[in-house]
file upload_20.cif (mmCIF, C-alpha atoms and all ligand atoms)
data_run
#
loop_
_atom_site.label_atom_id
_atom_site.label_comp_id
_atom_site.auth_asym_id
_atom_site.auth_seq_id
_atom_site.Cartn_x
_atom_site.Cartn_y
_atom_site.Cartn_z
CA MET A 1 118.43 43.78 97.90
CA THR A 2 122.21 44.08 97.58
CA ILE A 3 124.21 41.44 99.40
CA ALA A 4 127.70 42.85 98.76
CA GLY A 5 129.03 44.95 101.59
CA SER A 6 126.67 43.45 104.22
CA ARG A 7 127.93 42.71 107.70
CA VAL A 8 126.69 39.18 108.35
CA LEU A 9 126.56 36.96 111.43
CA ILE A 10 126.25 33.27 110.54
CA THR A 11 125.13 31.11 113.47
CA GLY A 12 126.18 27.50 112.91
CA GLY A 13 128.55 28.80 110.24
CA ALA A 14 131.13 26.08 110.88
CA GLY A 15 128.56 23.38 110.13
CA PHE A 16 127.86 21.54 106.91
CA ILE A 17 125.52 24.03 105.17
CA GLY A 18 126.76 27.09 107.09
CA SER A 19 130.36 26.67 105.93
CA TYR A 20 129.25 26.70 102.26
CA ILE A 21 127.19 29.85 102.89
CA ALA A 22 130.22 31.47 104.53
CA GLU A 23 132.29 30.52 101.50
CA ALA A 24 129.75 32.08 99.12
CA LEU A 25 129.89 35.37 101.05
CA SER A 26 133.62 35.42 101.65
CA ASP A 27 134.54 37.83 98.84
CA SER A 28 131.67 40.27 99.18
CA CYS A 29 130.64 40.51 102.84
CA ASP A 30 132.10 41.10 106.27
CA VAL A 31 131.29 37.80 107.99
CA LEU A 32 131.44 36.61 111.59
CA ILE A 33 130.91 32.89 112.12
CA LEU A 34 129.45 31.93 115.48
CA ASP A 35 129.54 28.25 116.34
CA ASN A 36 130.02 26.08 119.42
CA LEU A 37 131.53 23.31 117.26
CA SER A 38 129.14 20.71 118.69
CA SER A 39 128.66 19.21 115.22
CA GLY A 40 130.45 21.86 113.15
CA LYS A 41 134.18 21.68 112.48
CA LYS A 42 136.70 24.49 112.64
CA GLU A 43 138.55 22.94 109.69
CA PHE A 44 135.49 23.65 107.48
CA VAL A 45 136.13 27.39 107.83
CA ASP A 46 139.88 27.55 108.53
CA ALA A 47 140.68 28.56 104.95
CA LEU A 48 138.10 31.35 105.13
CA VAL A 49 139.52 32.66 108.39
CA LYS A 50 143.15 32.44 107.26
CA GLY A 51 142.71 33.35 103.59
CA HIS A 52 139.78 35.77 103.62
CA GLY A 53 140.09 37.40 107.03
CA MET A 54 136.73 36.00 108.09
CA ARG A 55 136.11 36.18 111.81
CA PHE A 56 135.24 33.11 113.87
CA ALA A 57 133.92 32.96 117.44
CA LYS A 58 133.50 29.74 119.35
CA ALA A 59 130.49 30.32 121.60
CA ASP A 60 127.30 28.58 122.69
CA ILE A 61 124.15 30.57 121.89
CA LEU A 62 122.38 28.76 124.73
CA LYS A 63 124.84 30.11 127.30
CA GLY A 64 125.77 33.62 128.41
CA SER A 65 125.19 36.87 126.55
CA ILE A 66 125.46 36.84 122.76
CA ARG A 67 124.79 40.56 122.22
CA ARG A 68 128.44 41.36 121.50
CA PHE A 69 128.36 39.13 118.41
CA LEU A 70 125.51 41.18 116.93
CA LYS A 71 127.28 44.52 117.29
CA ASP A 72 127.41 46.35 113.92
CA MET A 73 125.68 43.49 112.08
CA ASP A 74 123.13 44.08 109.28
CA VAL A 75 122.11 40.48 108.64
CA VAL A 76 121.82 37.25 110.62
CA ILE A 77 121.85 33.91 108.82
CA HIS A 78 120.64 31.48 111.43
CA LEU A 79 121.58 27.81 111.05
CA ALA A 80 122.68 26.79 114.55
CA SER A 81 120.65 23.78 115.62
CA ASN A 82 120.89 20.09 116.32
CA PRO A 83 119.77 18.71 112.95
CA ASP A 84 119.59 15.07 114.04
CA VAL A 85 115.89 14.26 113.50
CA ARG A 86 116.23 10.84 115.11
CA ALA A 87 117.71 12.19 118.36
CA GLY A 88 114.28 13.61 119.26
CA ILE A 89 112.76 10.16 119.75
CA LYS A 90 114.67 9.53 122.96
CA GLN A 91 115.28 13.18 123.90
CA PRO A 92 112.52 15.51 122.67
CA SER A 93 113.85 18.34 124.87
CA LEU A 94 117.07 18.35 122.82
CA HIS A 95 115.21 19.84 119.86
CA PHE A 96 113.20 22.20 122.02
CA GLU A 97 116.46 23.60 123.42
CA SER A 98 118.45 23.71 120.20
CA ASN A 99 115.64 25.14 118.07
CA VAL A 100 113.03 27.02 120.13
CA VAL A 101 115.11 28.20 123.11
CA LEU A 102 118.20 28.91 121.00
CA THR A 103 116.24 30.84 118.36
CA GLN A 104 114.37 32.88 120.96
CA ARG A 105 117.66 33.82 122.70
CA LEU A 106 119.04 34.96 119.36
CA LEU A 107 115.89 36.96 118.53
CA GLU A 108 115.98 38.67 121.94
CA ALA A 109 119.61 39.65 121.41
CA MET A 110 118.75 40.95 117.92
CA ARG A 111 116.19 43.37 119.41
CA SER A 112 118.95 45.56 120.79
CA SER A 113 121.04 45.40 117.59
CA ASP A 114 120.94 47.08 114.16
CA VAL A 115 120.10 43.86 112.35
CA LYS A 116 117.33 44.36 109.81
CA THR A 117 117.40 41.06 107.89
CA MET A 118 117.31 37.43 108.97
CA LEU A 119 117.63 34.26 106.91
CA PHE A 120 116.62 31.01 108.62
CA THR A 121 117.10 27.39 107.57
CA SER A 122 113.89 25.55 108.37
CA THR A 123 112.94 22.16 107.03
CA SER A 124 110.50 20.16 104.90
CA THR A 125 109.59 18.21 108.06
CA ILE A 126 107.37 21.11 109.24
CA TYR A 127 104.82 19.85 106.66
CA GLY A 128 104.59 16.40 108.27
CA GLU A 129 103.02 14.02 105.75
CA PRO A 130 100.87 16.28 103.57
CA PRO A 131 98.50 14.71 101.03
CA VAL A 132 99.50 17.44 98.57
CA VAL A 133 102.80 16.72 96.79
CA PRO A 134 104.81 18.56 95.60
CA THR A 135 103.95 20.56 98.70
CA PRO A 136 103.74 24.35 98.27
CA GLU A 137 104.69 26.92 100.91
CA ASN A 138 101.04 27.83 101.58
CA TYR A 139 99.96 24.25 102.35
CA GLY A 140 98.20 23.79 105.69
CA PRO A 141 97.42 22.75 108.31
CA LEU A 142 101.02 22.00 109.25
CA VAL A 143 101.18 18.78 111.25
CA PRO A 144 104.81 17.78 111.87
CA ILE A 145 105.39 14.18 112.94
CA SER A 146 108.80 14.69 114.63
CA THR A 147 109.85 16.97 117.49
CA TYR A 148 112.53 18.28 115.14
CA GLY A 149 109.85 19.40 112.66
CA ALA A 150 107.62 20.74 115.44
CA THR A 151 110.37 22.83 117.03
CA LYS A 152 111.50 24.17 113.64
CA LEU A 153 107.90 25.21 112.98
CA ALA A 154 107.79 26.92 116.39
CA SER A 155 111.05 28.69 115.49
CA GLU A 156 109.49 29.90 112.23
CA ALA A 157 106.56 31.31 114.20
CA LEU A 158 108.86 33.10 116.65
CA ILE A 159 110.92 34.57 113.82
CA ALA A 160 107.78 35.77 112.01
CA ALA A 161 106.42 37.42 115.16
CA TYR A 162 109.72 39.12 116.13
CA ALA A 163 110.25 40.28 112.53
CA LYS A 164 106.74 41.76 112.29
CA THR A 165 107.05 43.41 115.71
CA ASN A 166 110.49 44.88 115.09
CA GLY A 167 110.26 45.73 111.38
CA TRP A 168 112.84 43.19 110.22
CA ARG A 169 112.86 41.28 106.94
CA ALA A 170 112.80 37.52 107.55
CA LEU A 171 113.31 34.86 104.89
CA ILE A 172 112.49 31.34 105.99
CA PHE A 173 113.87 28.49 103.87
CA ARG A 174 112.28 25.07 104.14
CA LEU A 175 114.98 22.71 102.97
CA ALA A 176 114.56 19.21 101.56
CA ASN A 177 117.28 16.67 102.46
CA VAL A 178 120.56 18.44 101.82
CA VAL A 179 123.60 16.48 100.60
CA GLY A 180 127.16 17.54 99.93
CA GLY A 181 130.81 16.96 100.63
CA ARG A 182 131.01 18.32 104.19
CA SER A 183 127.89 16.55 105.38
CA THR A 184 128.29 15.08 108.86
CA HIS A 185 124.88 13.40 109.08
CA GLY A 186 122.05 12.11 106.91
CA VAL A 187 121.45 8.97 104.92
CA THR A 188 124.22 9.38 102.30
CA PHE A 189 126.78 10.04 105.04
CA ASP A 190 125.46 7.10 107.12
CA PHE A 191 125.57 4.64 104.21
CA LEU A 192 129.09 5.67 103.28
CA ASN A 193 130.34 5.16 106.81
CA LYS A 194 128.51 1.88 107.31
CA LEU A 195 129.98 0.56 104.04
CA LYS A 196 133.47 1.64 105.08
CA LYS A 197 133.05 -0.55 108.18
CA ASN A 198 131.38 -3.46 106.35
CA PRO A 199 131.66 -3.39 102.53
CA LYS A 200 129.60 -6.58 102.17
CA LYS A 201 126.37 -5.77 103.95
CA LEU A 202 124.41 -2.54 104.44
CA GLU A 203 121.59 -2.11 106.93
CA ILE A 204 118.83 0.19 105.64
CA LEU A 205 116.39 1.56 108.19
CA GLY A 206 112.76 0.91 107.25
CA ARG A 207 111.04 -1.64 105.04
CA TYR A 208 111.56 -2.39 101.35
CA PRO A 209 111.16 -0.37 99.08
CA GLY A 210 111.86 2.36 101.64
CA THR A 211 111.22 6.08 101.71
CA LEU A 212 110.77 8.23 98.62
CA LYS A 213 112.18 11.73 99.13
CA SER A 214 113.73 14.71 97.42
CA TYR A 215 117.46 15.37 97.86
CA VAL A 216 119.14 18.66 97.02
CA HIS A 217 122.82 19.45 96.64
CA VAL A 218 124.18 22.02 99.09
CA SER A 219 125.40 24.23 96.21
CA ASP A 220 121.79 24.50 94.99
CA VAL A 221 120.65 25.40 98.51
CA VAL A 222 123.22 28.20 98.83
CA ALA A 223 122.37 29.56 95.36
CA GLY A 224 118.65 29.44 96.16
CA MET A 225 119.07 31.33 99.43
CA MET A 226 121.18 34.01 97.73
CA SER A 227 118.61 34.35 94.95
CA ALA A 228 115.74 34.92 97.40
CA TRP A 229 117.84 37.33 99.48
CA LYS A 230 118.48 39.50 96.40
CA ALA A 231 114.86 39.37 95.16
CA GLU A 232 111.81 41.36 96.21
CA SER A 233 109.89 39.58 98.98
CA GLU A 234 107.21 39.97 101.58
CA GLN A 235 108.53 41.30 104.89
CA VAL A 236 108.28 37.73 106.23
CA ASP A 237 108.53 35.22 103.43
CA PHE A 238 108.81 31.46 103.01
CA TYR A 239 110.65 29.49 100.33
CA ASN A 240 110.90 25.77 99.76
CA VAL A 241 114.35 24.67 98.59
CA GLY A 242 114.63 21.25 96.97
CA SER A 243 115.20 19.44 93.73
CA GLU A 244 112.66 18.61 91.03
CA ASP A 245 112.24 14.91 91.84
CA MET A 246 112.36 12.20 94.52
CA MET A 247 114.36 9.00 94.89
CA LEU A 248 114.09 5.75 96.83
CA VAL A 249 116.43 5.24 99.75
CA GLU A 250 117.58 1.97 98.14
CA ASP A 251 118.85 3.94 95.13
CA ILE A 252 120.97 6.06 97.47
CA ALA A 253 122.50 2.83 98.78
CA LYS A 254 123.21 1.67 95.22
CA ILE A 255 124.84 4.99 94.24
CA VAL A 256 127.03 5.09 97.34
CA ALA A 257 128.14 1.46 96.86
CA ASP A 258 128.85 2.16 93.19
CA GLU A 259 130.94 5.25 93.96
CA MET A 260 132.89 3.21 96.52
CA GLY A 261 133.54 0.58 93.84
CA LEU A 262 131.65 -2.10 95.78
CA LYS A 263 129.85 -4.93 94.02
CA ASP A 264 127.12 -7.27 95.31
CA VAL A 265 126.51 -5.44 98.58
CA GLU A 266 123.70 -7.16 100.47
CA PHE A 267 120.99 -4.74 101.57
CA GLU A 268 119.47 -5.71 104.89
CA TRP A 269 116.17 -3.97 105.64
CA ALA A 270 115.84 -3.29 109.37
CA GLY A 271 112.03 -3.41 109.18
CA GLY A 272 111.33 -0.01 110.59
CA VAL A 273 108.38 1.10 112.70
CA ASP A 274 104.78 2.11 112.13
CA GLY A 275 104.22 0.42 108.76
CA GLY A 276 107.77 0.68 107.46
CA ARG A 277 109.09 4.16 108.21
CA GLY A 278 112.80 4.19 109.17
CA TRP A 279 112.13 5.48 112.69
CA ALA A 280 109.27 7.15 114.58
CA GLY A 281 109.00 10.60 113.01
CA ASP A 282 110.54 9.64 109.68
CA VAL A 283 108.50 11.06 106.79
CA THR A 284 108.07 8.38 104.11
CA LYS A 285 107.39 10.59 101.08
CA MET A 286 108.50 14.17 100.52
CA ILE A 287 108.83 16.50 97.59
CA LEU A 288 108.51 20.26 97.82
CA SER A 289 107.07 22.59 95.23
CA ILE A 290 109.96 24.90 94.35
CA GLU A 291 108.05 27.11 91.90
CA LYS A 292 108.13 30.15 94.21
CA LEU A 293 111.91 30.13 94.55
CA LYS A 294 112.26 29.54 90.80
CA ARG A 295 110.39 32.79 90.21
CA THR A 296 113.40 34.61 91.74
CA GLY A 297 115.51 33.32 88.82
CA TRP A 298 117.00 30.28 90.60
CA ARG A 299 116.94 26.72 89.24
CA PRO A 300 118.38 23.62 90.95
CA ARG A 301 121.29 22.29 88.91
CA TYR A 302 120.94 18.72 90.14
CA LYS A 303 118.18 16.15 90.36
CA SER A 304 118.05 13.98 93.50
CA ALA A 305 120.18 11.09 92.19
CA GLU A 306 122.72 13.49 90.64
CA ALA A 307 122.95 15.42 93.93
CA VAL A 308 123.51 12.21 95.92
CA ARG A 309 126.12 10.92 93.46
CA LEU A 310 127.99 14.23 93.52
CA ALA A 311 127.84 14.30 97.33
CA ALA A 312 129.16 10.72 97.54
CA LYS A 313 132.06 11.64 95.24
CA GLU A 314 132.81 14.75 97.31
CA MET A 315 132.70 12.79 100.58
CA LEU A 316 135.08 10.23 99.11
CA GLY A 317 137.42 13.03 98.03
CA LYS A 318 137.05 12.20 94.33
CA PRO A 319 137.78 14.99 91.89
N1 LIG B 1 121.20 18.96 106.38
C1 LIG B 1 119.92 18.92 106.06
O1 LIG B 1 119.48 18.02 105.31
C2 LIG B 1 118.97 19.98 106.55
C3 LIG B 1 117.66 19.95 106.07
C4 LIG B 1 116.76 20.91 106.52
C5 LIG B 1 117.18 21.89 107.40
N2 LIG B 1 118.47 21.88 107.87
C6 LIG B 1 118.85 22.92 108.81
O2 LIG B 1 119.99 23.60 108.33
C7 LIG B 1 120.81 24.03 109.44
C8 LIG B 1 122.22 23.54 109.25
O3 LIG B 1 122.21 22.13 109.23
P1 LIG B 1 123.49 21.28 108.86
O4 LIG B 1 123.01 20.09 108.12
O5 LIG B 1 124.53 22.15 108.27
O6 LIG B 1 123.92 20.77 110.29
P2 LIG B 1 125.25 21.03 111.14
O7 LIG B 1 125.10 20.23 112.40
O8 LIG B 1 126.44 20.77 110.30
O9 LIG B 1 125.15 22.58 111.46
C9 LIG B 1 124.63 23.11 112.66
C10 LIG B 1 125.70 23.96 113.28
O10 LIG B 1 125.18 24.60 114.46
C11 LIG B 1 126.19 24.55 115.46
N3 LIG B 1 125.50 24.65 116.76
C12 LIG B 1 124.63 23.77 117.29
N4 LIG B 1 124.21 24.19 118.51
C13 LIG B 1 124.84 25.38 118.73
C14 LIG B 1 124.83 26.30 119.82
N5 LIG B 1 124.10 26.06 120.93
N6 LIG B 1 125.59 27.43 119.73
C15 LIG B 1 126.34 27.67 118.62
N7 LIG B 1 126.39 26.81 117.57
C16 LIG B 1 125.64 25.69 117.62
C17 LIG B 1 126.87 23.22 115.25
O11 LIG B 1 128.17 23.13 115.81
C18 LIG B 1 126.93 23.16 113.71
O12 LIG B 1 128.10 23.76 113.21
C19 LIG B 1 120.13 23.50 110.68
O13 LIG B 1 119.34 24.53 111.23
C20 LIG B 1 119.26 22.38 110.17
O14 LIG B 1 118.15 22.16 111.00
C21 LIG B 1 119.36 20.95 107.45
#
call {"tool": "encode", "arguments": {"input": "upload_20.cif", "output": "structure tokens"}}
result
Amino acid sequence: MTIAGSRVLITGGAGFIGSYIAEALSDSCDVLILDNLSSGKKEFVDALVKGHGMRFAKADILKGSIRRFLKDMDVVIHLASNPDVRAGIKQPSLHFESNVVLTQRLLEAMRSSDVKTMLFTSTSTIYGEPPVVPTPENYGPLVPISTYGATKLASEALIAAYAKTNGWRALIFRLANVVGGRSTHGVTFDFLNKLKKNPKKLEILGRYPGTLKSYVHVSDVVAGMMSAWKAESEQVDFYNVGSEDMMLVEDIAKIVADEMGLKDVEFEWAGGVDGGRGWAGDVTKMILSIEKLKRTGWRPRYKSAEAVRLAAKEMLGKP
């Protein structure tokens, strides 16, 4: 499918991943960014609005009518969500609202629009803790262990059903842990900020040796999504997006400290819950099979440690 010339609505387009997607489409598509700026930042897209004539609307998808934003659109790239997995422990309804209710409101509004294609950023957490690793897209049963994962899985189901009912194409991307310069959450971001406050000691959630997971650079995520969008697919299709390997959380701490020029940082393990996971709902081991997305011609440029190092450099403003 041709991307150039598409009229695209990006929900959550002023967020971390969304702003890089907007950037990638800035020269070839007519883009409207819709964001309530709850975690996104206007400054992430200011250059696109000023320099590329991209449109930006500050609005909350959970409030009022959103039909006007879908007028004349061909494609919706849906990222708006509260991506804080940990927030669901104390407030499970937060994820239900920001994933299930929000997605269903968007899908309802799309029914009376001309949109024919939807791209959705789901997550590796929909798999829960599968015994099969690297985990392929057709693994089941899906047993998420966090409300974030559960409500993303419910959103996938809603998108599939609306797409099948209305004849839309829907591409669902299950992302590993995404890292990059504009990240506003996640372990690399947390470590960097904790070390700025206390360069001598770093608290790591969980128990030594910590979680073992796959990290992917945001540039690889954007390239992967574009590759699948252009390729032939099923009407409703699923793609894992990750890197080829995993890394220990302690190695993230070491890379971040190293990039900050810190020596002899003391790592303090917080102990964690439930046999050592960082928090209730934290998956301890995750790597996705990315063979399906690779068949579209895409390859991740970075391994996990390279992605984290690059992200740390970008967050620190290093060239
Ligand atoms: N970052 C990751 O590691 C990761 C991994 C897997 C999946 N994802 C998914 O990718 C998407 C983007 O995540 P991100 O890391 O860029 O997070 P982010 O918080 O930077 O982006 C989410 C954006 O949605 C906006 N938003 C939230 N609620 C809204 C509402 N009611 N109305 C309008 N806008 C709203 C926020 O302001 C923000 O700009 C999310 O759907 C997330 O679940 C992220």
call {"tool": "atom_distance", "arguments": {"input": "upload_20.cif", "atom1": "atom CA of Gly242 of chain A", "atom2": "atom C9 of ligand LIG 1 (chain B)"}}
result
18.7 Å
call {"tool": "atom_distance", "arguments": {"input": "upload_20.cif", "atom1": "atom C16 of ligand LIG 1 (chain B)", "atom2": "atom CA of Ala59 of chain A"}}
result
7.8 Å
call {"tool": "residues_near_ligand", "arguments": {"input": "upload_20.cif", "ligand": "ligand LIG 1 (chain B)", "cutoff": "6 Å", "atoms": "only C-alpha atoms and all ligand atoms", "output": "list in words"}}
result
Gly12, Gly13, Ala14, Gly15, Phe16, Ile17, Gly18, Asp35, Asn36, Leu37, Ser38, Ser39, Gly40, Ala59, Asp60, Ile61, Leu62, Leu79, Ala80, Ser81, Asn82, Pro83, Thr121, Ser122, Thr123, Leu175, Ala176, Asn177 and Val178 of chain A
call {"tool": "closest_residue", "arguments": {"input": "upload_20.cif", "among": "A:Leu119, A:Leu153, A:Leu248, A:Ala57", "to": "Gln235 of chain A", "atoms": "all atoms listed in the file"}}
result
A:Leu119
call {"tool": "residues_around", "arguments": {"input": "upload_20.cif", "residues": "Ala223 of chain A", "least_positions_apart": "2", "cutoff": "10 Å", "atoms": "only C-alpha atoms", "output": "JSON, numbers by chain"}}
result
{"A": [21, 24, 218, 219, 220, 221, 225, 226, 227, 228, 229, 241, 298, 299, 300, 301]}
call {"tool": "write_last_selection", "arguments": {"input": "upload_20.cif", "atoms": "C-alpha atoms", "output": "PDB file, in the frame of the given file"}}
result
ATOM      1  CA  ILE A  21     127.190  29.850 102.890  1.00  0.00           C
ATOM      2  CA  ALA A  24     129.750  32.080  99.120  1.00  0.00           C
ATOM      3  CA  VAL A 218     124.180  22.020  99.090  1.00  0.00           C
ATOM      4  CA  SER A 219     125.400  24.230  96.210  1.00  0.00           C
ATOM      5  CA  ASP A 220     121.790  24.500  94.990  1.00  0.00           C
ATOM      6  CA  VAL A 221     120.650  25.400  98.510  1.00  0.00           C
ATOM      7  CA  MET A 225     119.070  31.330  99.430  1.00  0.00           C
ATOM      8  CA  MET A 226     121.180  34.010  97.730  1.00  0.00           C
ATOM      9  CA  SER A 227     118.610  34.350  94.950  1.00  0.00           C
ATOM     10  CA  ALA A 228     115.740  34.920  97.400  1.00  0.00           C
ATOM     11  CA  TRP A 229     117.840  37.330  99.480  1.00  0.00           C
ATOM     12  CA  VAL A 241     114.350  24.670  98.590  1.00  0.00           C
ATOM     13  CA  TRP A 298     117.000  30.280  90.600  1.00  0.00           C
ATOM     14  CA  ARG A 299     116.940  26.720  89.240  1.00  0.00           C
ATOM     15  CA  PRO A 300     118.380  23.620  90.950  1.00  0.00           C
ATOM     16  CA  ARG A 301     121.290  22.290  88.910  1.00  0.00           C
TER      17      ARG A 301
END
call {"tool": "atom_distance", "arguments": {"input": "upload_20.cif", "atom1": "atom CA of Phe44 of chain A", "atom2": "atom CA of Gly181 of chain A"}}
result
10.7 Å
call {"tool": "closest_residue", "arguments": {"input": "upload_20.cif", "among": "A:Ile172, A:Val249, A:Val85, A:Val76", "to": "Gly149 of chain A", "atoms": "all atoms listed in the file"}}
result
A:Val85
call {"tool": "closest_residue", "arguments": {"input": "upload_20.cif", "among": "A:Val49, A:Val133, A:Met246, A:Ala154", "to": "Val101 of chain A", "atoms": "only C-alpha atoms"}}
result
A:Ala154
call {"tool": "residues_around", "arguments": {"input": "upload_20.cif", "residues": "segment 257-261 of chain A", "least_positions_apart": "6", "cutoff": "8 Å", "atoms": "all atoms listed in the file", "output": "ChimeraX atom specification"}}
result
/A:192,195,309,312-313,316
call {"tool": "decode", "arguments": {"input": "upload_20.cif", "residues": "segment 166-192 of chain A", "atoms": "N, CA and C atoms", "output": "tab-separated table (two decimals), in the first residue's frame"}}
result
chain	number	residue	atom	x	y	z
A	166	ASN	N	-16.60	-3.43	9.53
A	166	ASN	CA	-16.71	-2.24	8.67
A	166	ASN	C	-15.81	-2.28	7.44
A	167	GLY	N	-15.10	-3.38	7.25
A	167	GLY	CA	-14.26	-3.51	6.05
A	167	GLY	C	-12.99	-2.67	6.09
A	168	TRP	N	-12.49	-2.39	7.28
A	168	TRP	CA	-11.24	-1.63	7.38
A	168	TRP	C	-10.05	-2.59	7.42
A	169	ARG	N	-8.88	-2.03	7.08
A	169	ARG	CA	-7.62	-2.76	7.31
A	169	ARG	C	-7.08	-2.33	8.68
A	170	ALA	N	-6.71	-3.29	9.50
A	170	ALA	CA	-6.17	-2.95	10.83
A	170	ALA	C	-4.86	-3.68	11.06
A	171	LEU	N	-3.82	-2.91	11.37
A	171	LEU	CA	-2.51	-3.49	11.66
A	171	LEU	C	-2.22	-3.24	13.14
A	172	ILE	N	-2.01	-4.33	13.86
A	172	ILE	CA	-1.80	-4.24	15.31
A	172	ILE	C	-0.35	-4.59	15.61
A	173	PHE	N	0.34	-3.64	16.23
A	173	PHE	CA	1.78	-3.81	16.51
A	173	PHE	C	1.97	-4.06	18.00
A	174	ARG	N	2.59	-5.19	18.30
A	174	ARG	CA	2.86	-5.53	19.70
A	174	ARG	C	4.32	-5.18	19.98
A	175	LEU	N	4.50	-4.07	20.67
A	175	LEU	CA	5.84	-3.51	20.85
A	175	LEU	C	6.52	-4.06	22.10
A	176	ALA	N	7.81	-4.36	21.97
A	176	ALA	CA	8.66	-4.64	23.14
A	176	ALA	C	8.88	-3.31	23.87
A	177	ASN	N	9.81	-3.26	24.82
A	177	ASN	CA	10.07	-1.99	25.53
A	177	ASN	C	10.76	-1.02	24.58
A	178	VAL	N	10.13	0.12	24.38
A	178	VAL	CA	10.65	1.07	23.40
A	178	VAL	C	11.49	2.13	24.11
A	179	VAL	N	12.67	2.41	23.57
A	179	VAL	CA	13.56	3.43	24.16
A	179	VAL	C	13.95	4.44	23.09
A	180	GLY	N	14.22	5.66	23.54
A	180	GLY	CA	14.62	6.70	22.59
A	180	GLY	C	14.66	8.05	23.28
A	181	GLY	N	15.15	9.02	22.55
A	181	GLY	CA	15.45	10.33	23.11
A	181	GLY	C	14.29	11.04	23.79
A	182	ARG	N	13.08	10.95	23.21
A	182	ARG	CA	11.96	11.70	23.79
A	182	ARG	C	11.14	10.88	24.78
A	183	SER	N	11.71	9.79	25.24
A	183	SER	CA	10.99	8.95	26.19
A	183	SER	C	10.67	9.75	27.45
A	184	THR	N	9.47	9.56	27.97
A	184	THR	CA	9.08	10.26	29.20
A	184	THR	C	8.74	9.26	30.31
A	185	HIS	N	9.02	8.00	30.05
A	185	HIS	CA	8.76	6.95	31.05
A	185	HIS	C	9.59	5.73	30.69
A	186	GLY	N	9.54	4.73	31.55
A	186	GLY	CA	10.31	3.50	31.28
A	186	GLY	C	11.60	3.46	32.07
A	187	VAL	N	12.23	2.30	32.06
A	187	VAL	CA	13.35	2.06	32.98
A	187	VAL	C	14.58	2.93	32.66
A	188	THR	N	14.89	3.12	31.37
A	188	THR	CA	16.07	3.93	31.02
A	188	THR	C	15.86	5.37	31.50
A	189	PHE	N	14.67	5.89	31.23
A	189	PHE	CA	14.30	7.25	31.65
A	189	PHE	C	14.36	7.36	33.18
A	190	ASP	N	13.80	6.35	33.87
A	190	ASP	CA	13.77	6.38	35.34
A	190	ASP	C	15.19	6.38	35.92
A	191	PHE	N	16.04	5.49	35.40
A	191	PHE	CA	17.41	5.40	35.93
A	191	PHE	C	18.15	6.72	35.73
A	192	LEU	N	17.99	7.28	34.55
A	192	LEU	CA	18.67	8.54	34.24
A	192	LEU	C	18.26	9.64	35.23
